[in-house]
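To keep things clear, I will list the structure first and then write my remarks on it.
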Amino acid sequence: MENKELEQEIKKKISNIPLKDRAKVTALRYYLNKCKQADTDMETTCDNIQSKYDKLSMPIYQRADEIILGTAQLNEQNLGLAAKLLSEEELQQFNQAPKESKSIPDYWLKVFKNADLQELPLSERDAEAFKFLQKIEFTLAENDSDFFLKFHFAENPFFKQTILEKKFYYEDDELIKVEGTKIEWNDGKNLTKKLIKKKQRNKKTGQFRVISKEVDDESFFLFFRSIDISNKEKYDKLPEDEQISLQGQLDVDQDVGREIVDELLPYSLEYFLGIKEFKTEDDAGAEGEEDDSEEDEEVEVQTKGQNKGKDKKKK
């Protein structure tokens, strides 16, 4: 259904068409509207199918998590592929070995590092925290539109919580709000911040001074920020650059959220093994841009408890 403003605009434009053609244009619109409705129906059907299979996948992911965490019993059913993937000697050794319940080491860390998500890649510092990631839980809301992700961590030296959550809320297929857990960072462990020293020169005396400043740093954990543009009236009153910034952040969160649901969860084993890559065409990107300013110089300084250095991109 087209909105009233568009309806009025179409009516106005049609009134400017020569009278002999107005009836034809109206008849033409009748059939083209049917095409638009068919597209809408197709999108609704596709969304319903996706929702159906998302729901079917949820309990399967839970069983997969049990394997990763080492809490599931291995049996003939879930070892059905063992004969194809393991040699007879390996199977014999496995059957004779004590059945210890241990998790697969660094499973999700390897998944995310090998996937190398471009919007929010893991930094070297992030990787240390991701060693404690145990599972990612996906839930689809009753409205079949909103969805939620829970990142379950073991107790770790970086933040106090063991669950970091991200919630996605939609209206008319548009993402209007994301709610993330406010991370309670331990002292000196905030992965979204870094300490820099900036060298400043006094233009009159020519002398230099060095000031320390905490600034934002690139980190996957920015994913847990909250953004809300659901209040259209309030959003429209914001400065244009702030609107663009919020929408850009929202787009990044949506891309990463869907990549986790559609790619990383169902294909986690392929990413863990390093046989699948998730790359964009502009993967090379612009790296290491230098500041030509002679007045300021920024140097990253190690904050207590943090690792120095930036994330190195994979080639």
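Ligands are numbered from 1 in the order shown, chains are lettered A, B, ... in the order of the structure tokens, and residues start at 1 in each chain.
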Requested in this report: Return as a ChimeraX atom specification the full set of residues in stretch 1-248 of chain A whose backbone-based DSSP assignment is strand (DSSP E or B).
Outcome: /A:133-140,147-153,159,163-171,174-180,185,193-201,208-216,227-228
Query raised in the report: If we count only C-alpha atoms, what is near A:Asp253 at a cut-off of 9 Å, once residues fewer than 6 positions away on the same chain are taken out, given as number ranges by chain?
Result: A: 119-120, 168, 178, 223-225
Report task. Can you pull out every residue within 9 Å of A:Ala115, counting only C-alpha atoms, but drop anything in the same chain fewer than 5 positions away, and send it as a ChimeraX atom specification? Result -> /A:110,121,264,271-272,274,276-279
Requested in this report: as JSON, numbers by chain, please: all residues of stretch 85-124 of chain A that backbone DSSP puts in helix (DSSP H, G or I).
Outcome: {"A": [85, 88, 89, 90, 91, 92, 93, 94, 95, 96, 107, 108, 109, 110, 111, 112, 113, 114, 115, 124]}
Could you dump the residues just selected with N, CA and C atoms as a PDB file, in the first residue's frame?
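Ended up saving to part_3.pdb:
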```pdb
ATOM      1  N   LEU A  85      35.192 -39.902   7.633  1.00  0.00           N
ATOM      2  CA  LEU A  85      36.198 -38.873   7.899  1.00  0.00           C
ATOM      3  C   LEU A  85      37.415 -39.387   8.646  1.00  0.00           C
ATOM      4  N   GLU A  88      40.188 -46.428   9.793  1.00  0.00           N
ATOM      5  CA  GLU A  88      39.841 -47.515  10.718  1.00  0.00           C
ATOM      6  C   GLU A  88      40.739 -47.483  11.950  1.00  0.00           C
ATOM      7  N   GLU A  89      42.007 -47.180  11.738  1.00  0.00           N
ATOM      8  CA  GLU A  89      42.952 -47.104  12.862  1.00  0.00           C
ATOM      9  C   GLU A  89      42.581 -45.975  13.812  1.00  0.00           C
ATOM     10  N   GLU A  90      42.217 -44.824  13.241  1.00  0.00           N
ATOM     11  CA  GLU A  90      41.813 -43.685  14.078  1.00  0.00           C
ATOM     12  C   GLU A  90      40.546 -43.997  14.852  1.00  0.00           C
ATOM     13  N   LEU A  91      39.596 -44.674  14.202  1.00  0.00           N
ATOM     14  CA  LEU A  91      38.358 -45.045  14.884  1.00  0.00           C
ATOM     15  C   LEU A  91      38.633 -46.020  16.027  1.00  0.00           C
ATOM     16  N   GLN A  92      39.533 -46.935  15.792  1.00  0.00           N
ATOM     17  CA  GLN A  92      39.872 -47.909  16.823  1.00  0.00           C
ATOM     18  C   GLN A  92      40.531 -47.224  18.015  1.00  0.00           C
ATOM     19  N   GLN A  93      41.461 -46.291  17.727  1.00  0.00           N
ATOM     20  CA  GLN A  93      42.122 -45.553  18.806  1.00  0.00           C
ATOM     21  C   GLN A  93      41.112 -44.714  19.588  1.00  0.00           C
ATOM     22  N   PHE A  94      40.183 -44.130  18.858  1.00  0.00           N
ATOM     23  CA  PHE A  94      39.167 -43.300  19.521  1.00  0.00           C
ATOM     24  C   PHE A  94      38.289 -44.155  20.437  1.00  0.00           C
ATOM     25  N   ASN A  95      37.866 -45.326  19.962  1.00  0.00           N
ATOM     26  CA  ASN A  95      36.988 -46.196  20.747  1.00  0.00           C
ATOM     27  C   ASN A  95      37.682 -46.742  21.986  1.00  0.00           C
ATOM     28  N   GLN A  96      39.009 -46.921  21.915  1.00  0.00           N
ATOM     29  CA  GLN A  96      39.751 -47.460  23.037  1.00  0.00           C
ATOM     30  C   GLN A  96      40.166 -46.395  24.044  1.00  0.00           C
ATOM     31  N   TYR A 107      37.364 -22.676  19.677  1.00  0.00           N
ATOM     32  CA  TYR A 107      36.506 -22.921  18.511  1.00  0.00           C
ATOM     33  C   TYR A 107      36.004 -21.604  17.910  1.00  0.00           C
ATOM     34  N   TRP A 108      35.314 -20.780  18.719  1.00  0.00           N
ATOM     35  CA  TRP A 108      34.713 -19.566  18.167  1.00  0.00           C
ATOM     36  C   TRP A 108      35.750 -18.502  17.834  1.00  0.00           C
ATOM     37  N   LEU A 109      36.864 -18.520  18.538  1.00  0.00           N
ATOM     38  CA  LEU A 109      37.950 -17.600  18.182  1.00  0.00           C
ATOM     39  C   LEU A 109      38.417 -17.888  16.753  1.00  0.00           C
ATOM     40  N   LYS A 110      38.635 -19.158  16.429  1.00  0.00           N
ATOM     41  CA  LYS A 110      39.092 -19.520  15.079  1.00  0.00           C
ATOM     42  C   LYS A 110      38.019 -19.233  14.038  1.00  0.00           C
ATOM     43  N   VAL A 111      36.754 -19.442  14.409  1.00  0.00           N
ATOM     44  CA  VAL A 111      35.660 -19.153  13.478  1.00  0.00           C
ATOM     45  C   VAL A 111      35.682 -17.687  13.070  1.00  0.00           C
ATOM     46  N   PHE A 112      35.746 -16.799  14.051  1.00  0.00           N
ATOM     47  CA  PHE A 112      35.692 -15.362  13.760  1.00  0.00           C
ATOM     48  C   PHE A 112      36.971 -14.871  13.084  1.00  0.00           C
ATOM     49  N   LYS A 113      38.112 -15.409  13.482  1.00  0.00           N
ATOM     50  CA  LYS A 113      39.360 -14.975  12.848  1.00  0.00           C
ATOM     51  C   LYS A 113      39.404 -15.408  11.391  1.00  0.00           C
ATOM     52  N   ASN A 114      38.961 -16.640  11.111  1.00  0.00           N
ATOM     53  CA  ASN A 114      38.979 -17.124   9.724  1.00  0.00           C
ATOM     54  C   ASN A 114      37.907 -16.458   8.873  1.00  0.00           C
ATOM     55  N   ALA A 115      36.773 -16.105   9.494  1.00  0.00           N
ATOM     56  CA  ALA A 115      35.718 -15.406   8.752  1.00  0.00           C
ATOM     57  C   ALA A 115      36.158 -13.993   8.407  1.00  0.00           C
ATOM     58  N   GLU A 124      43.826  -7.861  17.575  1.00  0.00           N
ATOM     59  CA  GLU A 124      44.644  -8.796  18.335  1.00  0.00           C
ATOM     60  C   GLU A 124      44.204  -8.826  19.792  1.00  0.00           C
TER      61      GLU A 124
END
```
Query raised in the report: Do you know which residues are at most 7 Å from stretch 128-145 of chain A counting only C-alpha atoms, after dropping those on the same chain fewer than 2 positions away, and could you put them as number ranges by chain?
Result: A: 51, 55, 58, 65, 69, 106, 108-109, 124-126, 147-154, 156, 158, 170
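Between atom CA of A:Asp187 and atom CA of A:Val215 lies a distance of 15.7 Å.
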Query - Between atom CA of A:Lys197 and atom CA of A:Ser245, distance in Å (one decimal) - result: 26.4 Å
Query raised in the report: In Å, with one decimal, what is the gap from atom CA of A:Leu269 to atom CA of A:Ala127?
Result: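 One can read the atom CA of A:Leu269 to atom CA of A:Ala127 distance as 18.3 Å.
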Distance query A:Lys102 at most 9 Å, only C-alpha atoms, self and fewer than 6 positions along chain excluded, as a compact mmCIF listing (two decimals) with all heavy atoms, in the first residue's frame:
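The result, stored in selection.txt:
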```
# COMPACT_ATOMS: atom_id res chain seq x y z
N ILE A 68 30.56 -28.79 20.90
CA ILE A 68 31.67 -27.84 21.00
C ILE A 68 32.14 -27.70 22.44
O ILE A 68 33.35 -27.66 22.73
CB ILE A 68 31.26 -26.46 20.44
CG1 ILE A 68 30.93 -26.57 18.94
CG2 ILE A 68 32.36 -25.43 20.66
CD1 ILE A 68 30.24 -25.34 18.37
N LEU A 69 31.19 -27.65 23.38
CA LEU A 69 31.52 -27.46 24.79
C LEU A 69 31.96 -28.74 25.47
O LEU A 69 32.43 -28.71 26.61
CB LEU A 69 30.31 -26.87 25.53
CG LEU A 69 29.91 -25.45 25.15
CD1 LEU A 69 28.57 -25.08 25.75
CD2 LEU A 69 30.98 -24.47 25.61
N GLY A 70 31.78 -29.88 24.78
CA GLY A 70 32.19 -31.15 25.36
C GLY A 70 31.23 -31.69 26.39
O GLY A 70 31.59 -32.52 27.23
N THR A 71 29.97 -31.25 26.34
CA THR A 71 28.98 -31.72 27.31
C THR A 71 28.06 -32.79 26.74
O THR A 71 27.21 -33.33 27.46
CB THR A 71 28.12 -30.54 27.81
OG1 THR A 71 27.45 -29.93 26.69
CG2 THR A 71 28.98 -29.50 28.52
```
